[in-house]
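Structure file final11.pdb (PDB, C-alpha atoms and all ligand atoms) is printed below.
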```
ATOM      1  CA  MET A 262     160.152 -10.638 -43.715
ATOM      2  CA  LYS A 263     161.019 -11.320 -40.083
ATOM      3  CA  LYS A 264     161.816 -14.603 -38.413
ATOM      4  CA  ALA A 265     159.529 -15.873 -35.664
ATOM      5  CA  LEU A 266     160.224 -18.760 -33.311
ATOM      6  CA  VAL A 267     157.705 -21.615 -33.218
ATOM      7  CA  ILE A 268     156.836 -22.175 -29.561
ATOM      8  CA  GLU A 269     154.284 -24.916 -30.157
ATOM      9  CA  ASN A 270     152.418 -26.538 -33.043
ATOM     10  CA  GLU A 271     149.500 -28.397 -31.546
ATOM     11  CA  PRO A 272     147.302 -30.666 -33.661
ATOM     12  CA  LEU A 273     143.684 -30.093 -32.613
ATOM     13  CA  THR A 274     142.011 -32.434 -35.116
ATOM     14  CA  GLU A 275     143.134 -34.394 -38.145
ATOM     15  CA  ARG A 276     143.063 -31.216 -40.245
ATOM     16  CA  ILE A 277     143.170 -28.304 -37.804
ATOM     17  CA  GLY A 278     146.194 -27.095 -35.874
ATOM     18  CA  LEU A 279     147.168 -24.290 -33.525
ATOM     19  CA  LEU A 280     150.526 -22.691 -34.225
ATOM     20  CA  SER A 281     152.069 -20.505 -31.507
ATOM     21  CA  LEU A 282     154.817 -18.077 -32.466
ATOM     22  CA  LYS A 283     156.992 -15.828 -30.324
ATOM     23  CA  VAL A 284     156.892 -12.319 -31.759
ATOM     24  CA  ASP A 285     158.632  -9.132 -30.710
ATOM     25  CA  GLN A 286     156.977  -6.326 -28.789
ATOM     26  CA  HIS A 287     156.978  -4.067 -31.832
ATOM     27  CA  LEU A 288     154.854  -6.530 -33.809
ATOM     28  CA  CYS A 289     152.533  -7.080 -30.838
ATOM     29  CA  MET A 290     151.869  -3.359 -30.646
ATOM     30  CA  ALA A 291     151.396  -3.062 -34.411
ATOM     31  CA  PHE A 292     148.666  -5.710 -34.771
ATOM     32  CA  ASN A 293     144.966  -5.046 -34.435
ATOM     33  CA  PRO A 294     142.167  -7.639 -34.586
ATOM     34  CA  GLY A 295     141.133  -8.426 -38.151
ATOM     35  CA  GLN A 296     144.593  -8.016 -39.614
ATOM     36  CA  PHE A 297     146.577 -10.913 -40.975
ATOM     37  CA  LEU A 298     150.105 -12.048 -41.604
ATOM     38  CA  LYS A 299     151.831 -14.120 -44.236
ATOM     39  CA  ILE A 300     153.864 -17.095 -43.120
ATOM     40  CA  GLY A 301     156.626 -18.715 -45.129
ATOM     41  CA  LEU A 302     159.088 -21.451 -44.343
ATOM     42  CA  SER A 303     162.682 -20.405 -44.856
ATOM     43  CA  ASP A 304     163.705 -23.901 -45.954
ATOM     44  CA  GLY A 305     161.550 -23.553 -49.081
ATOM     45  CA  ARG A 306     158.889 -26.118 -48.212
ATOM     46  CA  PHE A 307     156.292 -23.465 -49.151
ATOM     47  CA  ASP A 308     156.605 -22.088 -52.676
ATOM     48  CA  PRO A 309     159.246 -19.549 -51.708
ATOM     49  CA  LEU A 310     157.531 -16.713 -53.594
ATOM     50  CA  PHE A 311     154.207 -17.239 -51.949
ATOM     51  CA  PRO A 312     154.034 -17.284 -48.183
ATOM     52  CA  ARG A 313     150.479 -18.096 -47.082
ATOM     53  CA  PRO A 314     148.061 -15.658 -45.384
ATOM     54  CA  PHE A 315     146.572 -16.369 -41.942
ATOM     55  CA  THR A 316     144.450 -14.333 -39.570
ATOM     56  CA  VAL A 317     145.752 -13.665 -36.067
ATOM     57  CA  HIS A 318     143.716 -15.925 -33.801
ATOM     58  CA  SER A 319     145.214 -14.731 -30.511
ATOM     59  CA  LEU A 320     147.919 -12.323 -29.415
ATOM     60  CA  GLN A 321     148.861 -12.342 -25.750
ATOM     61  CA  LYS A 322     152.192 -11.660 -24.061
ATOM     62  CA  ASN A 323     154.304 -11.863 -27.217
ATOM     63  CA  THR A 324     152.657 -15.125 -28.266
ATOM     64  CA  LEU A 325     150.812 -14.954 -31.552
ATOM     65  CA  ARG A 326     148.550 -17.875 -32.422
ATOM     66  CA  ILE A 327     147.283 -19.046 -35.762
ATOM     67  CA  LEU A 328     144.404 -21.500 -36.136
ATOM     68  CA  TYR A 329     145.000 -23.256 -39.420
ATOM     69  CA  GLN A 330     143.313 -25.888 -41.513
ATOM     70  CA  VAL A 331     145.323 -28.178 -43.757
ATOM     71  CA  VAL A 332     144.150 -27.796 -47.367
ATOM     72  CA  GLY A 333     147.251 -28.052 -49.566
ATOM     73  CA  LYS A 334     150.996 -27.930 -49.875
ATOM     74  CA  GLY A 335     151.676 -24.922 -47.653
ATOM     75  CA  THR A 336     149.407 -25.891 -44.785
ATOM     76  CA  ARG A 337     150.658 -29.498 -44.943
ATOM     77  CA  ALA A 338     154.171 -28.119 -44.465
ATOM     78  CA  LEU A 339     152.946 -25.965 -41.593
ATOM     79  CA  ARG A 340     151.402 -28.995 -39.917
ATOM     80  CA  ILE A 341     154.744 -30.757 -39.463
ATOM     81  CA  ILE A 342     156.831 -27.791 -38.367
ATOM     82  CA  LYS A 343     158.348 -28.388 -34.934
ATOM     83  CA  ALA A 344     158.691 -26.223 -31.840
ATOM     84  CA  GLY A 345     162.118 -24.586 -31.814
ATOM     85  CA  SER A 346     162.219 -23.943 -35.559
ATOM     86  CA  TYR A 347     161.605 -20.608 -37.255
ATOM     87  CA  VAL A 348     159.091 -19.338 -39.809
ATOM     88  CA  GLU A 349     159.240 -16.176 -41.906
ATOM     89  CA  VAL A 350     156.571 -13.632 -41.104
ATOM     90  CA  LEU A 351     155.323 -10.656 -43.104
ATOM     91  CA  ALA A 352     153.072  -8.547 -40.883
ATOM     92  CA  PRO A 353     150.873  -6.777 -40.052
ATOM     93  CA  LEU A 354     148.826  -6.858 -43.260
ATOM     94  CA  GLY A 355     145.372  -5.614 -44.195
ATOM     95  CA  GLN A 356     142.897  -3.464 -42.303
ATOM     96  CA  PRO A 357     141.606  -4.149 -38.791
ATOM     97  CA  TYR A 358     137.930  -4.861 -38.136
ATOM     98  CA  PRO A 359     135.981  -1.585 -38.373
ATOM     99  CA  LYS A 360     136.589   0.789 -35.458
ATOM    100  CA  ASP A 361     133.039   2.148 -35.382
ATOM    101  CA  ILE A 362     131.278  -1.159 -34.679
ATOM    102  CA  GLU A 363     127.787  -0.565 -33.374
ATOM    103  CA  PHE A 364     126.698  -2.943 -30.623
ATOM    104  CA  PRO A 365     125.032  -5.434 -30.049
ATOM    105  CA  LEU A 366     127.447  -7.383 -32.220
ATOM    106  CA  ALA A 367     127.271 -10.932 -33.558
ATOM    107  CA  LEU A 368     130.402 -12.694 -34.749
ATOM    108  CA  VAL A 369     129.656 -15.537 -37.122
ATOM    109  CA  GLY A 370     132.398 -18.064 -37.867
ATOM    110  CA  GLY A 371     132.173 -21.058 -40.151
ATOM    111  CA  GLY A 372     134.962 -23.607 -39.563
ATOM    112  CA  VAL A 373     138.391 -22.006 -39.112
ATOM    113  CA  GLY A 374     136.735 -18.740 -40.189
ATOM    114  CA  VAL A 375     136.170 -18.308 -36.454
ATOM    115  CA  ALA A 376     139.927 -17.776 -35.954
ATOM    116  CA  GLY A 377     140.096 -13.964 -35.989
ATOM    117  CA  PHE A 378     137.277 -13.540 -33.474
ATOM    118  CA  GLY A 379     139.523 -14.813 -30.685
ATOM    119  CA  PHE A 380     141.839 -11.822 -31.012
ATOM    120  CA  LEU A 381     138.858  -9.467 -31.299
ATOM    121  CA  LEU A 382     137.293 -10.854 -28.112
ATOM    122  CA  GLU A 383     140.656 -10.565 -26.336
ATOM    123  CA  ARG A 384     140.670  -6.847 -27.127
ATOM    124  CA  LEU A 385     137.008  -6.016 -26.390
ATOM    125  CA  SER A 386     136.293  -4.494 -22.989
ATOM    126  CA  SER A 387     134.199  -6.584 -20.602
ATOM    127  CA  GLN A 388     131.339  -4.123 -21.155
ATOM    128  CA  ARG A 389     131.482  -4.661 -24.932
ATOM    129  CA  ARG A 390     131.691  -8.439 -24.513
ATOM    130  CA  LYS A 391     128.349  -8.292 -22.698
ATOM    131  CA  GLU A 392     126.885  -6.941 -25.928
ATOM    132  CA  THR A 393     128.528  -9.556 -28.164
ATOM    133  CA  ALA A 394     127.532 -13.076 -29.177
ATOM    134  CA  LEU A 395     129.678 -15.635 -30.955
ATOM    135  CA  TYR A 396     128.100 -17.974 -33.514
ATOM    136  CA  TYR A 397     130.346 -20.871 -34.472
ATOM    137  CA  GLY A 398     129.434 -23.650 -36.863
ATOM    138  CA  ALA A 399     131.160 -26.685 -38.334
ATOM    139  CA  SER A 400     130.180 -29.935 -39.924
ATOM    140  CA  LYS A 401     130.616 -32.026 -36.770
ATOM    141  CA  ARG A 402     131.400 -31.773 -33.065
ATOM    142  CA  SER A 403     135.127 -32.540 -33.363
ATOM    143  CA  ASP A 404     135.577 -29.692 -35.843
ATOM    144  CA  LEU A 405     134.399 -27.140 -33.279
ATOM    145  CA  VAL A 406     137.785 -26.368 -31.760
ATOM    146  CA  ARG A 407     139.079 -24.095 -28.969
ATOM    147  CA  LEU A 408     135.706 -24.141 -27.209
ATOM    148  CA  ASP A 409     137.215 -23.637 -23.725
ATOM    149  CA  TYR A 410     139.135 -20.639 -25.017
ATOM    150  CA  PHE A 411     136.010 -19.107 -26.578
ATOM    151  CA  LYS A 412     133.964 -19.878 -23.448
ATOM    152  CA  SER A 413     136.511 -17.968 -21.348
ATOM    153  CA  PHE A 414     135.215 -14.675 -22.799
ATOM    154  CA  GLU A 415     131.801 -15.346 -21.254
ATOM    155  CA  VAL A 416     129.923 -14.232 -24.343
ATOM    156  CA  PRO A 417     126.892 -16.237 -25.476
ATOM    157  CA  LEU A 418     128.414 -19.052 -27.537
ATOM    158  CA  ARG A 419     125.917 -20.319 -30.104
ATOM    159  CA  LEU A 420     127.104 -23.546 -31.694
ATOM    160  CA  ALA A 421     125.818 -25.444 -34.710
ATOM    161  CA  THR A 422     126.878 -28.659 -36.396
ATOM    162  CA  GLU A 423     125.547 -29.998 -39.650
ATOM    163  CA  ASP A 424     125.151 -33.523 -38.217
ATOM    164  CA  GLY A 425     123.677 -32.273 -34.929
ATOM    165  CA  SER A 426     126.489 -33.802 -32.836
ATOM    166  CA  LEU A 427     126.813 -30.564 -30.817
ATOM    167  CA  GLY A 428     124.536 -27.548 -30.533
ATOM    168  CA  PHE A 429     121.913 -26.669 -33.112
ATOM    169  CA  LYS A 430     121.510 -29.171 -35.973
ATOM    170  CA  GLY A 431     122.060 -27.379 -39.255
ATOM    171  CA  TYR A 432     124.048 -24.479 -40.604
ATOM    172  CA  ILE A 433     125.192 -21.681 -38.345
ATOM    173  CA  THR A 434     123.286 -19.299 -40.628
ATOM    174  CA  ASP A 435     120.053 -21.202 -39.802
ATOM    175  CA  LEU A 436     120.707 -20.730 -36.092
ATOM    176  CA  LEU A 437     121.438 -17.036 -36.523
ATOM    177  CA  GLU A 438     118.299 -16.520 -38.600
ATOM    178  CA  LYS A 439     116.247 -18.313 -35.937
ATOM    179  CA  ASP A 440     117.768 -16.153 -33.148
ATOM    180  CA  LEU A 441     117.189 -12.966 -35.112
ATOM    181  CA  LYS A 442     113.438 -13.474 -34.675
ATOM    182  CA  GLU A 443     113.951 -12.766 -30.967
ATOM    183  CA  ARG A 444     117.260 -10.961 -30.723
ATOM    184  CA  CYS A 445     118.530  -7.833 -32.335
ATOM    185  CA  PHE A 446     122.072  -7.122 -33.508
ATOM    186  CA  ARG A 447     123.218  -3.858 -35.006
ATOM    187  CA  THR A 448     126.377  -5.314 -36.558
ATOM    188  CA  ILE A 449     127.374  -8.751 -37.767
ATOM    189  CA  ILE A 450     130.904  -9.714 -38.758
ATOM    190  CA  ALA A 451     131.161 -13.036 -40.558
ATOM    191  CA  CYS A 452     134.021 -15.179 -41.774
ATOM    192  CA  GLY A 453     133.793 -18.613 -43.331
ATOM    193  CA  PRO A 454     133.102 -20.461 -46.559
ATOM    194  CA  LEU A 455     131.813 -18.355 -49.462
ATOM    195  CA  PRO A 456     128.349 -20.037 -49.584
ATOM    196  CA  MET A 457     127.869 -19.095 -45.912
ATOM    197  CA  LEU A 458     128.790 -15.473 -46.586
ATOM    198  CA  LYS A 459     126.529 -15.293 -49.648
ATOM    199  CA  ARG A 460     123.640 -16.730 -47.680
ATOM    200  CA  LEU A 461     124.122 -14.158 -44.905
ATOM    201  CA  LYS A 462     124.318 -11.324 -47.377
ATOM    202  CA  GLU A 463     121.098 -12.459 -49.018
ATOM    203  CA  SER A 464     119.158 -13.143 -45.825
ATOM    204  CA  LEU A 465     120.128  -9.877 -44.109
ATOM    205  CA  LYS A 466     119.267  -7.690 -47.081
ATOM    206  CA  GLY A 467     116.925  -4.926 -45.934
ATOM    207  CA  SER A 468     117.250  -5.916 -42.238
ATOM    208  CA  GLY A 469     119.078  -2.723 -41.262
ATOM    209  CA  ILE A 470     121.900  -4.779 -39.721
ATOM    210  CA  LYS A 471     125.369  -3.716 -40.809
ATOM    211  CA  LEU A 472     127.030  -6.804 -42.242
ATOM    212  CA  TYR A 473     130.795  -7.078 -42.627
ATOM    213  CA  LEU A 474     132.378 -10.032 -44.374
ATOM    214  CA  SER A 475     135.952 -11.221 -43.856
ATOM    215  CA  LEU A 476     136.919 -12.605 -47.223
ATOM    216  CA  GLU A 477     139.628 -14.853 -48.530
ATOM    217  CA  ASN A 478     141.214 -14.886 -51.918
ATOM    218  CA  PHE A 479     144.460 -16.021 -53.437
ATOM    219  CA  MET A 480     147.073 -13.521 -52.219
ATOM    220  CA  ALA A 481     150.430 -13.466 -53.908
ATOM    221  CA  CYS A 482     152.017 -10.222 -52.682
ATOM    222  CA  GLY A 483     149.661  -9.364 -49.802
ATOM    223  CA  THR A 484     150.540  -5.686 -50.117
ATOM    224  CA  GLY A 485     148.516  -4.293 -53.015
ATOM    225  CA  PHE A 486     150.886  -4.706 -55.961
ATOM    226  CA  CYS A 487     150.024  -7.873 -57.878
ATOM    227  CA  MET A 488     146.231  -7.426 -58.371
ATOM    228  CA  GLY A 489     145.880 -11.125 -57.500
ATOM    229  CA  CYS A 490     143.244 -10.507 -54.836
ATOM    230  CA  VAL A 491     140.997  -7.840 -56.377
ATOM    231  CA  LEU A 492     137.193  -8.018 -56.083
ATOM    232  CA  PRO A 493     134.656  -5.902 -57.990
ATOM    233  CA  LYS A 494     132.943  -3.123 -56.030
ATOM    234  CA  ARG A 495     129.221  -2.560 -56.497
ATOM    235  CA  SER A 496     129.828   1.098 -57.206
ATOM    236  CA  GLY A 497     132.372   0.219 -59.913
ATOM    237  CA  GLY A 498     136.100  -0.345 -59.736
ATOM    238  CA  TYR A 499     137.847  -2.833 -57.496
ATOM    239  CA  VAL A 500     139.025  -3.376 -53.971
ATOM    240  CA  HIS A 501     142.294  -5.038 -53.075
ATOM    241  CA  LEU A 502     141.343  -7.593 -50.497
ATOM    242  CA  CYS A 503     144.864  -7.612 -49.060
ATOM    243  CA  LYS A 504     145.085  -3.839 -48.611
ATOM    244  CA  ASP A 505     141.481  -2.628 -48.243
ATOM    245  CA  GLY A 506     140.231  -5.842 -46.588
ATOM    246  CA  PRO A 507     140.031  -8.605 -45.696
ATOM    247  CA  THR A 508     136.905  -7.333 -43.874
ATOM    248  CA  LEU A 509     134.552  -5.313 -46.038
ATOM    249  CA  LEU A 510     131.014  -3.995 -45.808
ATOM    250  CA  ALA A 511     128.882  -6.616 -47.591
ATOM    251  CA  GLU A 512     126.779  -4.072 -49.448
ATOM    252  CA  GLU A 513     129.851  -2.537 -51.074
ATOM    253  CA  ILE A 514     131.087  -5.663 -52.827
ATOM    254  CA  GLU A 515     129.947  -8.214 -55.387
ATOM    255  CA  LEU A 516     130.449 -11.785 -54.241
TER     256      LEU A 516
HETATM  257  C1  LIG B   1     143.339 -12.829 -45.329
HETATM  258  C2  LIG B   1     143.320 -14.329 -45.195
HETATM  259  C3  LIG B   1     143.288 -14.903 -43.947
HETATM  260  C4  LIG B   1     143.288 -16.294 -43.813
HETATM  261  N1  LIG B   1     143.253 -16.817 -42.565
HETATM  262  C5  LIG B   1     143.273 -18.162 -42.402
HETATM  263  C6  LIG B   1     143.280 -18.734 -41.093
HETATM  264  O1  LIG B   1     143.274 -18.035 -40.073
HETATM  265  N2  LIG B   1     143.306 -20.085 -41.011
HETATM  266  C7  LIG B   1     143.320 -20.900 -42.122
HETATM  267  O2  LIG B   1     143.336 -22.130 -41.983
HETATM  268  N3  LIG B   1     143.323 -20.383 -43.362
HETATM  269  C8  LIG B   1     143.301 -19.034 -43.525
HETATM  270  N4  LIG B   1     143.312 -18.506 -44.784
HETATM  271  C9  LIG B   1     143.357 -19.436 -45.914
HETATM  272  C10 LIG B   1     144.781 -19.914 -46.107
HETATM  273  O3  LIG B   1     145.604 -18.835 -46.499
HETATM  274  C11 LIG B   1     144.805 -20.988 -47.196
HETATM  275  O4  LIG B   1     144.089 -22.111 -46.757
HETATM  276  C12 LIG B   1     146.230 -21.374 -47.520
HETATM  277  O5  LIG B   1     146.877 -20.313 -48.181
HETATM  278  C13 LIG B   1     146.250 -22.608 -48.387
HETATM  279  O6  LIG B   1     147.592 -22.861 -48.710
HETATM  280  P1  LIG B   1     148.052 -24.293 -49.125
HETATM  281  O7  LIG B   1     149.418 -24.160 -49.723
HETATM  282  O8  LIG B   1     147.881 -25.269 -48.029
HETATM  283  O9  LIG B   1     147.013 -24.707 -50.236
HETATM  284  P2  LIG B   1     147.211 -24.529 -51.799
HETATM  285  O10 LIG B   1     148.191 -25.567 -52.270
HETATM  286  O11 LIG B   1     147.465 -23.098 -52.109
HETATM  287  O12 LIG B   1     145.763 -24.944 -52.254
HETATM  288  C14 LIG B   1     145.406 -26.331 -52.221
HETATM  289  C15 LIG B   1     143.955 -26.485 -52.587
HETATM  290  O13 LIG B   1     143.154 -25.922 -51.566
HETATM  291  C16 LIG B   1     142.319 -24.931 -52.094
HETATM  292  N5  LIG B   1     142.275 -23.894 -51.121
HETATM  293  C17 LIG B   1     143.156 -22.880 -50.960
HETATM  294  N6  LIG B   1     142.761 -22.092 -49.959
HETATM  295  C18 LIG B   1     141.646 -22.662 -49.463
HETATM  296  C19 LIG B   1     140.770 -22.320 -48.415
HETATM  297  N7  LIG B   1     140.931 -21.234 -47.679
HETATM  298  N8  LIG B   1     139.709 -23.129 -48.168
HETATM  299  C20 LIG B   1     139.498 -24.232 -48.915
HETATM  300  N9  LIG B   1     140.285 -24.592 -49.933
HETATM  301  C21 LIG B   1     141.329 -23.804 -50.194
HETATM  302  C22 LIG B   1     142.962 -24.492 -53.388
HETATM  303  O14 LIG B   1     141.985 -23.990 -54.274
HETATM  304  C23 LIG B   1     143.587 -25.775 -53.869
HETATM  305  O15 LIG B   1     142.646 -26.563 -54.546
HETATM  306  C24 LIG B   1     143.301 -17.123 -44.953
HETATM  307  C25 LIG B   1     143.332 -16.549 -46.222
HETATM  308  C26 LIG B   1     143.327 -15.175 -46.349
HETATM  309  C27 LIG B   1     143.356 -14.568 -47.703
HETATM  310  S1  LIG B   2     147.659  -9.970 -53.011
HETATM  311 FE1  LIG B   2     148.726  -8.757 -54.435
HETATM  312  S2  LIG B   2     147.406  -7.065 -54.674
HETATM  313 FE2  LIG B   2     146.476  -8.208 -53.104
END
```

Once you've parsed the file, please lay out its structure as C-alpha cells.
Ligand SMILES: Cc1cc2nc3c(=O)[nH]c(=O)nc-3n(C[C@H](O)[C@H](O)[C@H](O)COP(=O)(O)OP(=O)(O)OC[C@H]3O[C@@H](n4cnc5c(N)ncnc54)[C@H](O)[C@@H]3O)c2cc1C
Ligand code: FES
Amino acid sequence: MKKALVIENEPLTERIGLLSLKVDQHLCMAFNPGQFLKIGLSDGRFDPLFPRPFTVHSLQKNTLRILYQVVGKGTRALRIIKAGSYVEVLAPLGQPYPKDIEFPLALVGGGVGVAGFGFLLERLSSQRRKETALYYGASKRSDLVRLDYFKSFEVPLRLATEDGSLGFKGYITDLLEKDLKERCFRTIIACGPLPMLKRLKESLKGSGIKLYLSLENFMACGTGFCMGCVLPKRSGGYVHLCKDGPTLLAEEIEL
C-alpha cells in the first residue's frame, strides 16, 4: 500500500463527505474511470486488515477525490480525518467501465452511487458528452451533492428526489422509464442501492439497451484471493467483483 496525503476532507451533508488526496503521477496515469481503490488509516482506526473500497469520483492534476457516505466504523473514521494527515492507498483495483460503450449513454446514479460518473465525464470527449445524460436520484434535495460539478460537464442532468424537494418526485428509475418513452439510449451504466439495480435490470429486459451495473459487495482482499466478493454468473460459475468488476453486464449475473 502507498501513502497519500489528505489535501481536504469536506463535509457536504451530515453523512456525505468529499475526500481529496494528493497522488503521484504514476497512479494518476494508471487509473481509468470505473476502477476503485482501497483506503486504510495507518493509525489502525479502520480494522487494519480491511481497508475500505471506494470508487474514484474525480482525478485531476494529481488530486484524487472520493465521495463517501458514512455507514459504519471505517467511514466514520474517514469523516474525521484532517487535511495534512496520510491514508494508505491500494490502487488501482478492478476493471474500468467498458471500453466499447455504444452511445447515446445514460449514467444512472442512486445516492453516492453517482460518484464514479464524475471521473468518467471528466474523461469523455466533448463530442461524447453531447451523447450522454446523467440521471441522479436521492431521497431529498440536500442529498443531491456536487451538482455544480456535475453541471459543469454540460450533459443533461436529470434529477429525482423521493420527497419531490428537487427535480422529479419519485425514484430515479421512474424518471428514466418515463424518459425512455421519448428518448433512446444504447447503453446504460447504473450504480446505486441493490433494489434500484434490480428494478433497472427487470424493467430493461428485452429493451435492447445494454445495461451495465456497478456493484458493491464486502471486499476483504480486493485482489481476487479471498473469494469474499464472488457473485454467481448466469452461465454458471462465479465472478470476482473485485477483479472482474465492479461493473458487469447485467444479463451475465444473478442479483
Ligand atoms: C467497488 C466498491 C466501490 C465503492 N465505492 C464507494 C464510494 O465511492 N463511496 C461510498 O460511500 N461507498 C463506496 N463503497 C461502499 C463502501 O466501501 C462501504 O460503505 C464501506 O466499506 C463501509 O465501511 P464502514 O467501515 O463504514 O462500514 P462497516 O462497519 O463495514 O459496515 C457498517 C454497516 O453498514 C453496512 N454497509 C456496509 N457497506 C454499505 C453500503 N455500501 N451501503 C449501505 N450499508 C452498508 C454494513 O452491512 C453494516 O451494517 C464502495 C464499495 C465497493 C465494493
Ligand atoms: S475481495 Fe477478495 S476475492 Fe474479491

Taking all atoms of ligand LIG 1 (chain B) that appear in the file, build a box with edges along x, y and z, extend it by 5 Å on every side, and state its centre and edge lengths in Å to one decimal, as AutoDock Vina command-line options.
```
--center_x 144.5 --center_y -19.7 --center_z -47.3 --size_x 19.9 --size_y 23.7 --size_z 24.5
```

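Counting all atoms listed in the file and comparing A:Tyr397, A:Phe479, A:Phe446, A:Phe429, the residue that lies closest to ligand LIG 1 (chain B) is A:Phe479.
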
Please report, as JSON lines, each residue of segment 391-496 of chain A lying at most 7 Å from segment 353-371 of chain A, together with the nearest pair of atoms and the separation in Å rounded to one decimal; use only C-alpha atoms, and order rows by chain and ascending residue number.
```
{"residue": "A:Glu392", "atom": "CA", "partner": "A:Pro365", "partner_atom": "CA", "distance": 4.8}
{"residue": "A:Thr393", "atom": "CA", "partner": "A:Leu366", "partner_atom": "CA", "distance": 4.7}
{"residue": "A:Ala394", "atom": "CA", "partner": "A:Ala367", "partner_atom": "CA", "distance": 4.9}
{"residue": "A:Leu395", "atom": "CA", "partner": "A:Leu368", "partner_atom": "CA", "distance": 4.9}
{"residue": "A:Tyr396", "atom": "CA", "partner": "A:Val369", "partner_atom": "CA", "distance": 4.6}
{"residue": "A:Tyr397", "atom": "CA", "partner": "A:Gly370", "partner_atom": "CA", "distance": 4.9}
{"residue": "A:Gly398", "atom": "CA", "partner": "A:Gly371", "partner_atom": "CA", "distance": 5.0}
{"residue": "A:Ala399", "atom": "CA", "partner": "A:Gly371", "partner_atom": "CA", "distance": 6.0}
{"residue": "A:Phe446", "atom": "CA", "partner": "A:Pro365", "partner_atom": "CA", "distance": 4.9}
{"residue": "A:Arg447", "atom": "CA", "partner": "A:Pro365", "partner_atom": "CA", "distance": 5.5}
{"residue": "A:Thr448", "atom": "CA", "partner": "A:Leu366", "partner_atom": "CA", "distance": 4.9}
{"residue": "A:Ile449", "atom": "CA", "partner": "A:Ala367", "partner_atom": "CA", "distance": 4.7}
{"residue": "A:Ile450", "atom": "CA", "partner": "A:Leu368", "partner_atom": "CA", "distance": 5.0}
{"residue": "A:Ala451", "atom": "CA", "partner": "A:Val369", "partner_atom": "CA", "distance": 4.5}
{"residue": "A:Cys452", "atom": "CA", "partner": "A:Gly370", "partner_atom": "CA", "distance": 5.1}
{"residue": "A:Gly453", "atom": "CA", "partner": "A:Gly371", "partner_atom": "CA", "distance": 4.3}
{"residue": "A:Pro454", "atom": "CA", "partner": "A:Gly371", "partner_atom": "CA", "distance": 6.5}
```

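Note that the spacing between atom CA of Lys459 of chain A and atom CA of Arg389 of chain A amounts to 27.4 Å.
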
Next on the checklist: Could you list, as a PyMOL selection string, all protein and nucleic acid residues with an atom at most 8 Å from ligand LIG 1 (chain B), counting only C-alpha atoms and all ligand atoms?
Outcome noted: chain A and resi 277+296-298+307+312-318+327-338+355+373-377+454+475-480+502-503+506-507

I'd like a table as a Markdown table: residues in chain A with an atom no more than 7 Å from ligand LIG 2 (chain B), each row giving the shortest atom pair and its distance in Å to one decimal, all atoms listed in the file counted, sorted by chain and rising residue number.
```
| residue | atom | partner | partner_atom | distance |
| --- | --- | --- | --- | --- |
| A:Phe479 | CA | B:LIG2 | S1 | 6.9 |
| A:Met480 | CA | B:LIG2 | S1 | 3.7 |
| A:Ala481 | CA | B:LIG2 | S1 | 4.6 |
| A:Cys482 | CA | B:LIG2 | FE1 | 4.0 |
| A:Gly483 | CA | B:LIG2 | S1 | 3.8 |
| A:Thr484 | CA | B:LIG2 | FE1 | 5.6 |
| A:Gly485 | CA | B:LIG2 | S2 | 3.4 |
| A:Phe486 | CA | B:LIG2 | S2 | 4.4 |
| A:Cys487 | CA | B:LIG2 | FE1 | 3.8 |
| A:Met488 | CA | B:LIG2 | S2 | 3.9 |
| A:Gly489 | CA | B:LIG2 | FE1 | 4.8 |
| A:Cys490 | CA | B:LIG2 | FE2 | 4.3 |
| A:Val491 | CA | B:LIG2 | FE2 | 6.4 |
| A:His501 | CA | B:LIG2 | FE2 | 5.2 |
| A:Leu502 | CA | B:LIG2 | FE2 | 5.8 |
| A:Cys503 | CA | B:LIG2 | FE2 | 4.4 |
| A:Lys504 | CA | B:LIG2 | FE2 | 6.4 |
```

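With only C-alpha atoms as the atoms that count, the minimum distance from Ser319 of chain A to the choices A:Gly295, A:Pro272, A:Gly301, A:Gly497 is reached by A:Gly295.
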
Item to check | Test item: the PyMOL selection byres (((chain A and resi 421) around 6) and not hetatm) resolved as a PyMOL selection string | outcome: chain A and resi 398+420+422+428-430+433
